[in-house]
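Pasting final.cif here (mmCIF, C-alpha atoms and all ligand atoms):
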```
data_run
#
loop_
_atom_site.group_PDB
_atom_site.id
_atom_site.type_symbol
_atom_site.label_atom_id
_atom_site.label_comp_id
_atom_site.auth_asym_id
_atom_site.auth_seq_id
_atom_site.Cartn_x
_atom_site.Cartn_y
_atom_site.Cartn_z
ATOM 1 C CA MET A 1 113.260 85.944 -121.589
ATOM 2 C CA THR A 2 112.721 83.741 -118.572
ATOM 3 C CA ALA A 3 114.770 80.605 -118.007
ATOM 4 C CA ARG A 4 111.656 78.540 -118.510
ATOM 5 C CA ALA A 5 110.825 80.207 -121.795
ATOM 6 C CA ALA A 6 114.415 79.710 -122.906
ATOM 7 C CA ALA A 7 114.075 76.049 -122.064
ATOM 8 C CA GLY A 8 111.129 75.746 -124.389
ATOM 9 C CA LEU A 9 108.163 76.118 -122.079
ATOM 10 C CA PRO A 10 105.223 75.128 -124.223
ATOM 11 C CA GLY A 11 102.713 77.836 -125.019
ATOM 12 C CA PRO A 12 98.955 77.516 -124.804
ATOM 13 C CA VAL A 13 98.546 77.709 -128.575
ATOM 14 C CA ARG A 14 100.994 77.051 -131.375
ATOM 15 C CA GLU A 15 101.336 80.670 -132.363
ATOM 16 C CA THR A 16 102.469 81.822 -128.940
ATOM 17 C CA CYS A 17 104.823 79.044 -127.852
ATOM 18 C CA GLY A 18 108.565 79.104 -127.929
ATOM 19 C CA PHE A 19 111.213 81.757 -127.664
ATOM 20 C CA GLY A 20 110.302 85.339 -126.907
ATOM 21 C CA THR A 21 106.938 84.569 -125.369
ATOM 22 C CA SER A 22 106.551 86.425 -122.106
ATOM 23 C CA ARG A 23 105.029 84.807 -119.053
ATOM 24 C CA THR A 24 102.354 87.534 -119.021
ATOM 25 C CA ALA A 25 101.394 86.796 -122.605
ATOM 26 C CA LEU A 26 101.142 83.122 -121.793
ATOM 27 C CA LEU A 27 98.878 83.765 -118.827
ATOM 28 C CA THR A 28 96.675 86.147 -120.824
ATOM 29 C CA ALA A 29 96.359 83.621 -123.605
ATOM 30 C CA ASP A 30 95.537 80.941 -121.066
ATOM 31 C CA ILE A 31 92.446 82.834 -119.958
ATOM 32 C CA LEU A 32 91.188 82.765 -123.522
ATOM 33 C CA ALA A 33 92.219 79.200 -124.322
ATOM 34 C CA THR A 34 90.620 75.931 -123.374
ATOM 35 C CA MET A 35 92.234 74.592 -120.260
ATOM 36 C CA ALA A 36 94.001 71.278 -119.825
ATOM 37 C CA THR A 37 94.082 68.768 -116.988
ATOM 38 C CA VAL A 38 96.429 65.952 -116.015
ATOM 39 C CA GLU A 39 95.426 63.096 -113.715
ATOM 40 C CA LEU A 40 97.539 60.131 -112.674
ATOM 41 C CA ILE A 41 94.939 57.349 -112.874
ATOM 42 C CA HIS A 42 97.315 54.484 -111.983
ATOM 43 C CA ALA A 43 100.452 55.073 -109.942
ATOM 44 C CA GLY A 44 103.079 52.644 -111.134
ATOM 45 C CA TYR A 45 105.347 50.448 -109.012
ATOM 46 C CA ILE A 46 108.198 47.944 -109.164
ATOM 47 C CA ARG A 47 108.052 45.277 -106.457
ATOM 48 C CA ASP A 48 110.325 42.485 -105.303
ATOM 49 C CA ASP A 49 107.662 39.853 -106.135
ATOM 50 C CA SER A 50 108.065 40.511 -109.876
ATOM 51 C CA ARG A 51 105.047 42.817 -110.007
ATOM 52 C CA VAL A 52 105.538 45.825 -112.254
ATOM 53 C CA GLY A 53 102.957 48.513 -112.918
ATOM 54 C CA SER A 54 103.218 51.536 -115.160
ATOM 55 C CA SER A 55 102.306 55.073 -114.167
ATOM 56 C CA ILE A 56 99.304 55.791 -116.390
ATOM 57 C CA SER A 57 97.997 59.303 -116.893
ATOM 58 C CA LEU A 58 94.913 60.899 -118.372
ATOM 59 C CA ILE A 59 95.310 64.255 -120.097
ATOM 60 C CA ARG A 60 92.326 66.254 -121.256
ATOM 61 C CA ASP A 61 93.024 69.174 -123.550
ATOM 62 C CA GLY A 62 90.028 70.580 -125.417
ATOM 63 C CA ASP A 63 88.585 67.701 -127.422
ATOM 64 C CA ALA A 64 91.706 65.575 -126.988
ATOM 65 C CA ILE A 65 91.693 62.706 -124.509
ATOM 66 C CA ILE A 66 95.200 61.314 -124.130
ATOM 67 C CA ILE A 67 96.290 58.214 -122.222
ATOM 68 C CA ALA A 68 99.994 58.081 -121.437
ATOM 69 C CA ASP A 69 101.738 54.726 -120.983
ATOM 70 C CA PRO A 70 98.882 52.176 -120.815
ATOM 71 C CA GLY A 71 101.292 49.451 -119.785
ATOM 72 C CA LEU A 72 101.335 46.675 -117.218
ATOM 73 C CA VAL A 73 98.514 46.641 -114.657
ATOM 74 C CA ALA A 74 97.039 43.948 -112.419
ATOM 75 C CA SER A 75 93.875 43.910 -114.546
ATOM 76 C CA HIS A 76 92.252 45.959 -117.300
ATOM 77 C CA ALA A 77 89.896 47.368 -114.689
ATOM 78 C CA ARG A 78 92.790 49.332 -113.204
ATOM 79 C CA ILE A 79 92.784 51.398 -116.387
ATOM 80 C CA LEU A 80 89.148 51.272 -117.450
ATOM 81 C CA ASP A 81 87.420 51.848 -114.103
ATOM 82 C CA PRO A 82 89.015 55.254 -113.435
ATOM 83 C CA LEU A 83 88.069 56.289 -116.966
ATOM 84 C CA ARG A 84 84.473 55.133 -116.599
ATOM 85 C CA ALA A 85 84.261 56.999 -113.289
ATOM 86 C CA ARG A 86 85.065 60.135 -115.289
ATOM 87 C CA GLY A 87 82.526 59.335 -118.013
ATOM 88 C CA ILE A 88 85.172 58.284 -120.545
ATOM 89 C CA ASP A 89 84.567 55.266 -122.780
ATOM 90 C CA PRO A 90 87.677 53.558 -124.236
ATOM 91 C CA ALA A 91 86.531 54.553 -127.727
ATOM 92 C CA ASP A 92 86.563 58.220 -126.649
ATOM 93 C CA VAL A 93 90.339 58.215 -126.209
ATOM 94 C CA THR A 94 91.915 60.163 -129.074
ATOM 95 C CA HIS A 95 95.618 59.563 -128.396
ATOM 96 C CA VAL A 96 97.816 56.989 -126.692
ATOM 97 C CA PHE A 97 101.350 58.085 -125.852
ATOM 98 C CA PHE A 98 104.327 55.770 -125.230
ATOM 99 C CA SER A 99 107.218 57.183 -123.206
ATOM 100 C CA HIS A 100 109.273 54.349 -124.722
ATOM 101 C CA HIS A 101 108.816 50.863 -126.109
ATOM 102 C CA HIS A 102 109.252 48.599 -123.093
ATOM 103 C CA PRO A 103 106.236 46.300 -122.570
ATOM 104 C CA ASP A 104 105.520 47.667 -119.090
ATOM 105 C CA HIS A 105 104.531 50.936 -120.765
ATOM 106 C CA THR A 106 102.797 49.712 -123.929
ATOM 107 C CA MET A 107 101.027 46.437 -123.129
ATOM 108 C CA ASN A 108 97.442 47.750 -123.077
ATOM 109 C CA ALA A 109 97.424 50.208 -125.965
ATOM 110 C CA ALA A 110 94.842 48.049 -127.770
ATOM 111 C CA LEU A 111 92.210 48.927 -125.158
ATOM 112 C CA PHE A 112 91.704 52.158 -127.122
ATOM 113 C CA PRO A 113 90.503 51.278 -130.642
ATOM 114 C CA GLU A 114 90.063 54.830 -131.927
ATOM 115 C CA ALA A 115 93.275 56.294 -130.583
ATOM 116 C CA GLU A 116 96.213 57.510 -132.585
ATOM 117 C CA VAL A 117 99.343 56.078 -130.973
ATOM 118 C CA VAL A 118 102.278 58.466 -130.581
ATOM 119 C CA ASP A 119 105.862 57.629 -129.705
ATOM 120 C CA PHE A 120 109.240 59.358 -130.029
ATOM 121 C CA TRP A 121 109.268 58.683 -133.747
ATOM 122 C CA ALA A 122 105.860 58.848 -135.371
ATOM 123 C CA ARG A 123 102.082 58.537 -135.071
ATOM 124 C CA TYR A 124 100.257 55.329 -135.849
ATOM 125 C CA ARG A 125 96.624 54.621 -136.645
ATOM 126 C CA ASN A 126 95.320 51.398 -138.178
ATOM 127 C CA ASP A 127 97.913 50.747 -140.913
ATOM 128 C CA LEU A 128 99.052 54.363 -141.157
ATOM 129 C CA TRP A 129 102.595 55.220 -140.084
ATOM 130 C CA LEU A 130 102.846 59.016 -140.133
ATOM 131 C CA ASP A 131 105.758 61.300 -139.355
ATOM 132 C CA HIS A 132 105.617 63.941 -136.674
ATOM 133 C CA PRO A 133 108.007 66.873 -136.318
ATOM 134 C CA GLY A 134 109.870 65.373 -133.358
ATOM 135 C CA ASP A 135 111.286 67.345 -130.453
ATOM 136 C CA GLY A 136 109.018 70.239 -129.466
ATOM 137 C CA TRP A 137 106.027 69.040 -131.468
ATOM 138 C CA GLN A 138 102.878 70.744 -130.202
ATOM 139 C CA MET A 139 100.686 67.660 -130.119
ATOM 140 C CA THR A 140 97.607 69.515 -128.851
ATOM 141 C CA ASP A 141 97.101 73.081 -127.623
ATOM 142 C CA HIS A 142 98.702 72.498 -124.211
ATOM 143 C CA VAL A 143 100.685 69.301 -124.818
ATOM 144 C CA GLN A 144 104.169 69.237 -126.266
ATOM 145 C CA LEU A 145 106.257 66.151 -127.090
ATOM 146 C CA TRP A 146 109.924 66.265 -126.215
ATOM 147 C CA LEU A 147 112.563 63.762 -127.238
ATOM 148 C CA THR A 148 114.248 62.780 -123.975
ATOM 149 C CA PRO A 149 116.741 59.970 -124.599
ATOM 150 C CA GLY A 150 118.096 58.518 -121.385
ATOM 151 C CA HIS A 151 116.358 55.430 -120.046
ATOM 152 C CA THR A 152 116.484 54.238 -123.656
ATOM 153 C CA GLU A 153 117.658 56.024 -126.771
ATOM 154 C CA GLU A 154 114.025 56.101 -127.922
ATOM 155 C CA ASP A 155 112.420 57.880 -124.979
ATOM 156 C CA ALA A 156 109.996 60.776 -125.233
ATOM 157 C CA SER A 157 108.186 62.867 -122.628
ATOM 158 C CA LEU A 158 105.027 64.932 -122.622
ATOM 159 C CA ILE A 159 105.181 68.473 -121.277
ATOM 160 C CA VAL A 160 101.666 69.650 -120.408
ATOM 161 C CA ARG A 161 100.699 73.209 -119.516
ATOM 162 C CA ALA A 162 97.786 72.261 -117.293
ATOM 163 C CA ASP A 163 95.495 74.477 -115.240
ATOM 164 C CA ASP A 164 97.482 73.825 -112.066
ATOM 165 C CA GLY A 165 101.012 73.864 -113.407
ATOM 166 C CA VAL A 166 103.426 72.423 -115.942
ATOM 167 C CA TYR A 167 103.564 68.636 -115.870
ATOM 168 C CA ALA A 168 106.274 66.380 -117.252
ATOM 169 C CA LEU A 169 105.263 62.787 -117.952
ATOM 170 C CA THR A 170 108.555 61.014 -118.330
ATOM 171 C CA HIS A 171 110.628 57.902 -117.642
ATOM 172 C CA LEU A 172 113.721 60.001 -116.870
ATOM 173 C CA TRP A 173 112.905 59.022 -113.279
ATOM 174 C CA TRP A 174 111.287 55.788 -112.134
ATOM 175 C CA ARG A 175 109.906 56.697 -108.718
ATOM 176 C CA GLN A 176 108.596 59.577 -106.655
ATOM 177 C CA ASP A 177 111.885 59.697 -104.707
ATOM 178 C CA ARG A 178 113.716 60.241 -108.010
ATOM 179 C CA THR A 179 115.462 56.862 -107.875
ATOM 180 C CA PRO A 180 117.343 55.174 -109.359
ATOM 181 C CA GLU A 181 119.786 58.021 -109.685
ATOM 182 C CA VAL A 182 121.825 55.936 -112.116
ATOM 183 C CA ASP A 183 119.467 54.196 -114.520
ATOM 184 C CA PRO A 184 120.738 50.626 -115.053
ATOM 185 C CA TYR A 185 119.200 50.550 -118.528
ATOM 186 C CA ALA A 186 120.595 53.885 -119.725
ATOM 187 C CA PRO A 187 123.026 53.546 -122.634
ATOM 188 C CA ASP A 188 124.661 56.828 -121.580
ATOM 189 C CA GLN A 189 123.978 58.298 -118.140
ATOM 190 C CA ALA A 190 125.362 61.706 -119.208
ATOM 191 C CA ILE A 191 122.663 62.020 -121.867
ATOM 192 C CA LEU A 192 120.040 61.085 -119.301
ATOM 193 C CA GLU A 193 121.306 63.785 -116.929
ATOM 194 C CA THR A 194 121.154 66.389 -119.683
ATOM 195 C CA GLN A 195 117.528 65.530 -120.342
ATOM 196 C CA ARG A 196 116.678 65.510 -116.632
ATOM 197 C CA ALA A 197 118.038 69.046 -116.293
ATOM 198 C CA ARG A 198 116.096 70.183 -119.312
ATOM 199 C CA VAL A 199 112.832 68.837 -117.897
ATOM 200 C CA LEU A 200 113.460 70.212 -114.398
ATOM 201 C CA ALA A 201 113.928 73.682 -115.894
ATOM 202 C CA VAL A 202 110.284 73.802 -116.970
ATOM 203 C CA ALA A 203 108.301 71.309 -114.884
ATOM 204 C CA ASP A 204 106.309 72.074 -111.763
ATOM 205 C CA ILE A 205 105.218 68.457 -111.338
ATOM 206 C CA VAL A 206 106.818 65.259 -112.658
ATOM 207 C CA ILE A 207 104.985 61.976 -113.168
ATOM 208 C CA PRO A 208 107.727 59.310 -113.218
ATOM 209 C CA GLY A 209 107.523 55.908 -114.902
ATOM 210 C CA HIS A 210 106.637 53.877 -111.823
ATOM 211 C CA GLY A 211 105.263 55.964 -109.014
ATOM 212 C CA GLU A 212 103.304 58.891 -107.678
ATOM 213 C CA SER A 213 104.075 62.377 -108.931
ATOM 214 C CA PHE A 214 106.604 64.679 -107.305
ATOM 215 C CA ARG A 215 106.752 68.449 -107.201
ATOM 216 C CA VAL A 216 109.759 70.278 -108.562
ATOM 217 C CA ARG A 217 108.674 73.730 -107.452
HETATM 218 ZN ZN ZN B 1 111.638 50.963 -119.613
HETATM 219 ZN ZN ZN B 2 109.396 51.345 -116.863
#
```

Re-express the file's structure as structure tokens.
Amino acid sequence: MTARAAAGLPGPVRETCGFGTSRTALLTADILATMATVELIHAGYIRDDSRVGSSISLIRDGDAIIIADPGLVASHARILDPLRARGIDPADVTHVFFSHHHPDHTMNAALFPEAEVVDFWARYRNDLWLDHPGDGWQMTDHVQLWLTPGHTEEDASLIVRADDGVYALTHLWWRQDRTPEVDPYAPDQAILETQRARVLAVADIVIPGHGESFRVR
């Protein structure tokens, strides 16, 4: 078993993910499966003039269209224009994911009226509050939800086996330069470090909470 498989590298379909799945089997299955893409449509930031923007990502996986962290932006157009440029109407979005509950990552969820909202705890749609299995949940064929407490105790990350590598969408880091090393909001830095190591064991590319992506390998 490879280190990445041992760390829970998500498989392309539910039946092949998890322990004991060889890299070769994963690649073979990938050829047969629908592919997935990840695009950072709004690189987040934290500025001295009180401006805060969230890193917002678009994941396409088969029929699923997922928006991660539709939080603070200078205007709605910063979210909607990149989607329209790709032929995506707000009502087409099937899922909204929250890395955690701070307003800078959740503020604009209501732009997507048909989406099921997913957080560390559950899935929400209209007045439905539905359980999900939690850590390791295979949300769609190539997208897995991990519970990654650290920045807050209620953080989650998405691990996406995309065409061009394994992405982690996570607030375990804020910026492209992997700062702040010590998260001032973290209730327990040791827990955060454990989750960082877990993510780095599988990710090729990380999209942090407030910045451009960075490559791990
Ligand atoms: Zn936060
Ligand atoms: Zn944040």

| request: List all protein, DNA and RNA residues that have an atom no more than 10 Å from any atom of ligand ZN 1 (chain B), counting only C-alpha atoms and all ligand atoms, and report them as a VMD selection string. | output: chain A and resid 54 99 to 106 151 to 152 155 171 to 172 174 183 185 to 186 209 to 210

| remark: Of A:Pro187, A:Gly134, A:Pro90, A:Pro70, the one nearest to Pro113 in chain A when counting all atoms listed in the file is A:Pro90

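In this model, the gap between CA of Ile65 in chain A and CA of Val199 in chain A comes to 23.0 Å.
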
| When you draw a straight line from CA of Met107 in chain A to CA of Ser55 in chain A, how long is it in Å? | 12.5 Å

| query | Looking at only C-alpha atoms and all ligand atoms, which of A:Asp177, A:Asp69, A:Asp81, A:Asp188 is the one that sits closest to ligand ZN 2 (chain B)? | reply |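 So, comparing all the options, the nearest one is A:Asp69.
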
| remark: Separating CA of Ile79 in chain A from CA of Thr37 in chain A, to the nearest tenth of an Å, is a gap of 17.4 Å

| task | Determine the nearest neighbour of Leu58 in chain A from the options A:Phe97, A:Trp129, A:Phe214, A:Trp121, counting only C-alpha atoms. | result |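 Going through A:Phe97, A:Trp129, A:Phe214, A:Trp121 one by one, the smallest distance to Leu58 in chain A is for A:Phe97.
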
| message | Considering all atoms listed in the file, can you say which of A:His95, A:Arg51, A:Arg215, A:His42 comes closest to Ala77 in chain A? | response |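 Under the stated criterion, the closest residue is A:His42.
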
| field | From A:Leu72, A:Ile207, A:Ala110, A:Ala190, residue lying nearest Ser157 in chain A [all atoms listed in the file] | value |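 The shortest atom-to-atom distance to Ser157 in chain A comes from A:Ile207.
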
| remark: From the list A:Thr170, A:Thr194, A:Gln138, A:Gln189, the nearest residue to ligand ZN 2 (chain B) using only C-alpha atoms and all ligand atoms is A:Thr170

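For Ala197 in chain A, the non-local neighbours within 12 Å, defined as residues at least 2 positions apart in the same chain or in other chains and counting only C-alpha atoms, are Arg4, Ala7, Thr148, Gly150, Leu172, Trp173, Ala190, Ile191, Leu192, Glu193, Thr194, Gln195, Val199, Leu200, Ala201, Val202, Ala203 and Val216 of chain A.
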
| field | Distance query range 60-62 of chain A at most 8 Å, all atoms listed in the file, self and fewer than 6 positions along chain excluded, as a ChimeraX atom specification | value | /A:34-38,140-143

| task | List every protein, DNA or RNA residue with an atom no more than 8 Å from (103.7, 67.4, -118.7) in the file's coordinates, counting all atoms listed in the file, and format the result as a list in words. | result | Val38, Val143, Gln144, Ser157, Leu158, Ile159, Val160, Arg161, Ala162, Val166, Tyr167, Ala168, Leu169, Ala203, Ile205, Val206 and Ile207 of chain A

| Any idea what's packed within 8 Å of Arg125 in chain A, counting only C-alpha atoms, ignoring anything in its chain fewer than 6 positions away? Could you give it as an MDAnalysis selection string? | chainID A and resid 115:117
